[in-house]
Structures are given as structure tokens and as C-alpha cells.
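A short write-up of the structure that comes next.
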Amino acid sequence: MNKIFTIVAFIGVPLTVVASLLHWSSIAMFAICAITVIAISSIMGRATESLAIVSGPRIGGLLNATFGNAVELIISIFALQAGLVGVVLASLTGSVIGNLLLVTGLSFFVGGLKFKRQTFSIFDARHNSGLLVFAVIVAFVIPEIFSMEMNETASIQLSVGISIIMIVLYLAGLFFKLVTHRGVYSRETTAESEAHSEEEQAEWGKWKALLILLLATLAVAYVSENLVHTFEDVGERFGWSQLFIGVIIVAIVGNAAEHSSAILMAFKNKMDIAVEIAIGSTLQIAMFVAPILVIVSLFMDTQMSLVFTVPELVAMATAVFLTIAVSNDGESNWFEGLTLLAAYVIMGIGFYLL
């Protein structure tokens, strides 16, 4: 399967260049770009898996989420340049519910089919739960409520202030997990960790993996720019709203790297990494990517505030509370995964019909 994705990526990038120069139809361009982004994301997933083996589950999960969300950030910046603020906000919503319900759900389900009971760090689960409530319930709901009594300028100012606070707290959270409290809540002894690292060899060395990640990110940036230009035409052709394109299509394509990596880790019974990828990616989207986009939009023709629609807020809040309910015990099984997937499908149907 890895060979297939590699071949598709090497064919897809030059094909995207040709399609752009020859002005192929939007449908063909959309299909080529979407498939190419997914293929490149698979390569990024393999590179971050190699780094995870070398660096450990927390740093590996963080790297996977970061490079995976780089795709989402790049797509969103090009969408902001095109004035598609609705698509950007919807894609952020889609990333949150996609990571919490689709990625976590598939990880629990696939892993649960092979192992009846899987475990992961209960301390990380509880730590992430508090941040999820802050990132989605506090930081996203407050702009919605307060903006009802504000004009657009005040809403932007409020969003900028909240964005700065969220970025600072996110960086402080990383410092907490990776520096001041690194290993304090570790489930494994050092000897066990070393035994696990000896059992599995990384596919690529650290520097090779980092180089591949850099090149893949540059390739994704080019392909994503072409992908964004097809959204309006494809939406009109298939009758898709900007909300559905952002919540479902952009979110799935933009987060393909985390999707594949988290599921693969769960299948290998590496639930700490799988959960760190899914939940860590959600936190990074809400507390870093979204605030960065708000600040970046200040330098563009159209500014973006953190004011989501009511269906978007309800979907994100529901995803947060459901994920916390099934993950706070530090254990997972296939039925819990199926429950999360069912919630995602219900929301997908709702967004499609809006």
C-alpha cells in the first residue's frame, strides 16, 4: 500500500502542474489534487511514524499532528486569500469533529477488532479533556455569545485577543508535557520503553524523515493552492454548500495524514500514539491553527473572527463531550469506536442537508 501511495504522489504532483497549465476542468482538477494530497499525506505519516519510534509517543504524536495540520493550515490560508472565510471556519469545525469522532472512532474500532481491550495513558486523557473543554467550549462559545452585542470590528478585536491567549496557553501546555512534567505520569518504566524501541526499527532515519516531511509539505502547499481554486465550481456542480465542503471535504483531505497514522498505530496496539495524534491534532487545530489564521487574516482583504454558526458550535461541543466520556477511563474497544463513528455520520448527514 505504501508503494501505491508513493507512486500516486510522484505522478500526482507533476500531473497537477500539467492540469494547471492546460486549464483542465474543475472536477478533474479537484479529483487529482484531492487524491494527490491524500497520497502525500500518507508519506508524511510514514515519516512521522519513523520519528515517533526515535522520539517516543508524545513527541511523535505531536510531530504527526503538526505536519498533518500543516496541510490544513496551508489550505486554509489559500482559502482566506480567496475570501472563503465560511469554508475556513467550516474546515476548522470539520477538523475538530473529524479528529475527535472519525479518527478516534476509527482508531478505537480498528484496534478493537484486533485487540479486545486497548489501554492508553489515563493521565494524558484527563489532561487533554480539560484542554478540549477550554479550547472548544470556552474559547469558541464566548466569541459567539459576546459578538451578538458587538459590531464586526469589535468581534475581530475580541477574536484576536482570544487567539493570542490560546496560542500562549497551547505553547505553555507543550512546555508542561514535554519539559517540566515529562515522564512524571509515564505508564512505562525506562527499561520497558527501551525494550519497545529495540523491537521496532524506524523505516527512515531522523534526518531523512525530516527532509521527506519538508519536501512533502512544500508539495502539499502547491497542490493545495490548486485544490482551493476548485471549491466554488465543484460546489455548484454537485450542489454542495460551502459549509459541507469545509466540514467534510476539506477536513478529510487536509487531515489525511493523521487519519492514516492514527489508525495504523491503533492496529499495532500503540494507543498512546494514536490518541496523542487524534486528540493532540484537535487541540492544535483549536488552540494554534485557528488563532494563527485569525492573526494572518488581519493582513488580508477579508478578516476572520472566531464566530462559528450554531450548528458548527453544537457539533464541536457534542464531539468534545462524547470523546471525553469514552476516553477518560484510559481504555478503548471497538464498540466505543463505533459509537464515535455513528455520531460523525449523523453530523455529516446534517451538514449535507443544511
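We label chains A, B, ... in the order they appear in the C-alpha cells, count residues from 1 in each chain, and number ligands from 1 in the order shown.
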Give me the residues within 8 Å of segment 149-159 of chain A as a list in words, counting only C-alpha atoms and dropping any in the same chain fewer than 5 places off.
Pro143, Val294, Gln303, Met304, Ser305 and Leu306 of chain A
Skipping near chain neighbours, those fewer than 2 positions away, what residues fall within 9 Å of Tyr170 of chain A using only C-alpha atoms, listed as a ChimeraX atom specification?
/A:131,165-168,172-175,283-284,287-288
Tell me which protein, DNA and RNA residues are within 10 Å of segment 2-14 of chain A, counting only C-alpha atoms, leaving out same-chain ones fewer than 4 positions away, and put them as a ChimeraX atom specification.
/A:18-20,32-43,46,216,219-220,222-223
For each of A:Gly83, A:Gly130, A:Gly45, A:Gly94, take the minimum atom-to-atom distance to Ile248 of chain A, counting only C-alpha atoms, then give the residue where this is smallest.
A:Gly94
For a quick check of understanding, using only C-alpha atoms, which of A:Glu49, A:Thr230, A:Phe120, A:Leu15 has the smallest distance to Ser327 of chain A?
A:Phe120
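Assigned to alpha helix (DSSP H) in segment 248-283 of chain A, given DSSP computed from backbone atoms, are Ala251, Ile252, Val253, Gly254, Ala256, Ala257, Glu258, His259, Ser260, Ser261, Ala262, Ile263, Leu264, Met265, Ala266, Phe267, Met271, Asp272, Ile273, Ala274, Val275, Glu276, Ile277, Ala278, Ile279, Gly280, Ser281, Thr282 and Leu283 of chain A.
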How would the residues just chosen look if you wrote them out with C-alpha atoms as a PDB file, in the first residue's frame?
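Saved result, result_35.pdb, follows:
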ATOM      1  CA  ALA A 251     -11.319  18.421   6.706  1.00  0.00           C
ATOM      2  CA  ILE A 252     -10.917  14.845   5.463  1.00  0.00           C
ATOM      3  CA  VAL A 253      -8.441  15.740   2.713  1.00  0.00           C
ATOM      4  CA  GLY A 254      -6.484  18.157   4.912  1.00  0.00           C
ATOM      5  CA  ALA A 256      -5.460  12.569   5.791  1.00  0.00           C
ATOM      6  CA  ALA A 257      -2.014  12.252   7.375  1.00  0.00           C
ATOM      7  CA  GLU A 258      -3.393  11.992  10.922  1.00  0.00           C
ATOM      8  CA  HIS A 259      -6.202   9.688   9.787  1.00  0.00           C
ATOM      9  CA  SER A 260      -3.899   7.067   8.315  1.00  0.00           C
ATOM     10  CA  SER A 261      -1.208   7.338  11.005  1.00  0.00           C
ATOM     11  CA  ALA A 262      -3.556   7.113  13.995  1.00  0.00           C
ATOM     12  CA  ILE A 263      -5.385   4.084  12.587  1.00  0.00           C
ATOM     13  CA  LEU A 264      -2.089   2.356  11.793  1.00  0.00           C
ATOM     14  CA  MET A 265      -0.836   2.998  15.335  1.00  0.00           C
ATOM     15  CA  ALA A 266      -4.056   1.604  16.824  1.00  0.00           C
ATOM     16  CA  PHE A 267      -3.788  -1.516  14.659  1.00  0.00           C
ATOM     17  CA  MET A 271      -2.759   3.517  21.544  1.00  0.00           C
ATOM     18  CA  ASP A 272      -0.755   6.225  23.313  1.00  0.00           C
ATOM     19  CA  ILE A 273       0.497   7.461  19.937  1.00  0.00           C
ATOM     20  CA  ALA A 274      -2.909   7.012  18.248  1.00  0.00           C
ATOM     21  CA  VAL A 275      -4.706   9.012  20.943  1.00  0.00           C
ATOM     22  CA  GLU A 276      -1.957  11.652  21.011  1.00  0.00           C
ATOM     23  CA  ILE A 277      -2.313  12.082  17.234  1.00  0.00           C
ATOM     24  CA  ALA A 278      -6.122  12.376  17.272  1.00  0.00           C
ATOM     25  CA  ILE A 279      -6.596  14.462  20.422  1.00  0.00           C
ATOM     26  CA  GLY A 280      -3.320  16.360  20.032  1.00  0.00           C
ATOM     27  CA  SER A 281      -4.274  17.322  16.489  1.00  0.00           C
ATOM     28  CA  THR A 282      -7.659  18.601  17.685  1.00  0.00           C
ATOM     29  CA  LEU A 283      -6.031  20.745  20.361  1.00  0.00           C
TER      30      LEU A 283
END
What's around Leu73 of chain A at 9 Å? Count only C-alpha atoms, leave out sequence neighbours fewer than 2 positions away in its own chain, and write the answer as an MDAnalysis selection string.
chainID A and resid 69:71 75:78 254 285 289:290 292:293
Next, write the just-selected residues to a file, as a compact mmCIF listing (two decimals), in the first residue's frame, keeping all heavy atoms as the atom set.
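The result, stored in out_5.txt:
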# COMPACT_ATOMS: atom_id res chain seq x y z
N ASN A 69 -1.40 18.92 10.34
CA ASN A 69 -2.15 20.16 10.36
C ASN A 69 -1.52 21.24 9.49
O ASN A 69 -2.16 22.25 9.18
CB ASN A 69 -2.28 20.68 11.80
CG ASN A 69 -3.26 19.86 12.61
OD1 ASN A 69 -4.19 19.27 12.07
ND2 ASN A 69 -3.06 19.80 13.91
N ALA A 70 -0.25 21.05 9.10
CA ALA A 70 0.38 21.98 8.16
C ALA A 70 -0.40 21.99 6.85
O ALA A 70 -0.57 23.04 6.21
CB ALA A 70 1.83 21.58 7.91
N VAL A 71 -0.90 20.82 6.46
CA VAL A 71 -1.71 20.73 5.24
C VAL A 71 -2.98 21.56 5.41
O VAL A 71 -3.35 22.36 4.54
CB VAL A 71 -2.08 19.26 4.95
CG1 VAL A 71 -2.93 19.16 3.69
CG2 VAL A 71 -0.83 18.42 4.81
N ILE A 75 -4.00 24.96 3.25
CA ILE A 75 -5.27 25.04 2.51
C ILE A 75 -6.09 26.23 3.00
O ILE A 75 -6.67 26.99 2.20
CB ILE A 75 -6.07 23.73 2.66
CG1 ILE A 75 -5.35 22.57 1.96
CG2 ILE A 75 -7.47 23.88 2.08
CD1 ILE A 75 -6.02 21.22 2.16
N SER A 76 -6.14 26.43 4.33
CA SER A 76 -6.96 27.50 4.90
C SER A 76 -6.42 28.87 4.53
O SER A 76 -7.21 29.80 4.28
CB SER A 76 -7.01 27.34 6.43
OG SER A 76 -7.66 26.14 6.79
N ILE A 77 -5.10 29.04 4.51
CA ILE A 77 -4.52 30.33 4.14
C ILE A 77 -4.88 30.69 2.70
O ILE A 77 -5.26 31.84 2.41
CB ILE A 77 -2.99 30.32 4.35
CG1 ILE A 77 -2.66 30.32 5.84
CG2 ILE A 77 -2.35 31.54 3.67
CD1 ILE A 77 -1.19 30.17 6.14
N PHE A 78 -4.79 29.72 1.80
CA PHE A 78 -5.17 29.99 0.41
C PHE A 78 -6.67 30.28 0.30
O PHE A 78 -7.09 31.12 -0.51
CB PHE A 78 -4.80 28.80 -0.48
CG PHE A 78 -3.32 28.70 -0.77
CD1 PHE A 78 -2.62 27.53 -0.50
CD2 PHE A 78 -2.63 29.76 -1.32
CE1 PHE A 78 -1.26 27.44 -0.76
CE2 PHE A 78 -1.27 29.68 -1.58
CZ PHE A 78 -0.58 28.52 -1.29
N GLY A 254 -7.54 17.45 4.20
CA GLY A 254 -6.48 18.16 4.91
C GLY A 254 -5.90 17.39 6.07
O GLY A 254 -4.76 17.62 6.47
N ILE A 285 -5.36 22.27 16.31
CA ILE A 285 -6.27 22.98 15.41
C ILE A 285 -6.98 24.12 16.15
O ILE A 285 -7.03 25.27 15.69
CB ILE A 285 -7.30 22.01 14.80
CG1 ILE A 285 -6.67 21.17 13.69
CG2 ILE A 285 -8.51 22.78 14.26
CD1 ILE A 285 -6.37 21.92 12.42
N VAL A 289 -3.80 26.53 15.24
CA VAL A 289 -4.09 26.80 13.83
C VAL A 289 -5.18 27.87 13.67
O VAL A 289 -5.01 28.84 12.92
CB VAL A 289 -4.50 25.50 13.10
CG1 VAL A 289 -4.95 25.81 11.67
CG2 VAL A 289 -3.33 24.52 13.08
N ALA A 290 -6.30 27.71 14.38
CA ALA A 290 -7.39 28.69 14.28
C ALA A 290 -6.93 30.09 14.71
O ALA A 290 -7.18 31.07 13.99
CB ALA A 290 -8.59 28.23 15.11
N ILE A 292 -3.87 31.30 14.68
CA ILE A 292 -2.91 31.78 13.68
C ILE A 292 -3.66 32.31 12.46
O ILE A 292 -3.30 33.36 11.89
CB ILE A 292 -1.95 30.64 13.27
CG1 ILE A 292 -0.92 30.37 14.37
CG2 ILE A 292 -1.22 31.00 11.96
CD1 ILE A 292 0.05 31.50 14.63
N LEU A 293 -4.71 31.62 12.04
CA LEU A 293 -5.49 32.06 10.88
C LEU A 293 -6.17 33.40 11.15
O LEU A 293 -6.28 34.25 10.25
CB LEU A 293 -6.52 31.00 10.52
CG LEU A 293 -5.97 29.71 9.89
CD1 LEU A 293 -7.06 28.66 9.75
CD2 LEU A 293 -5.36 30.01 8.51
For a quick check of understanding, using only C-alpha atoms, which of A:Ile349, A:Ala28, A:Ile145, A:Ala342 has the smallest distance to Val247 of chain A?
A:Ile349
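Using only C-alpha atoms for every distance, the candidate list A:Val85, A:Ala135, A:Ala209, A:Ile53 yields A:Ala135 as the residue closest to Met316 of chain A.
Atom CA of Ser95 of chain A sits 22.9 Å away from atom CA of Met29 of chain A.
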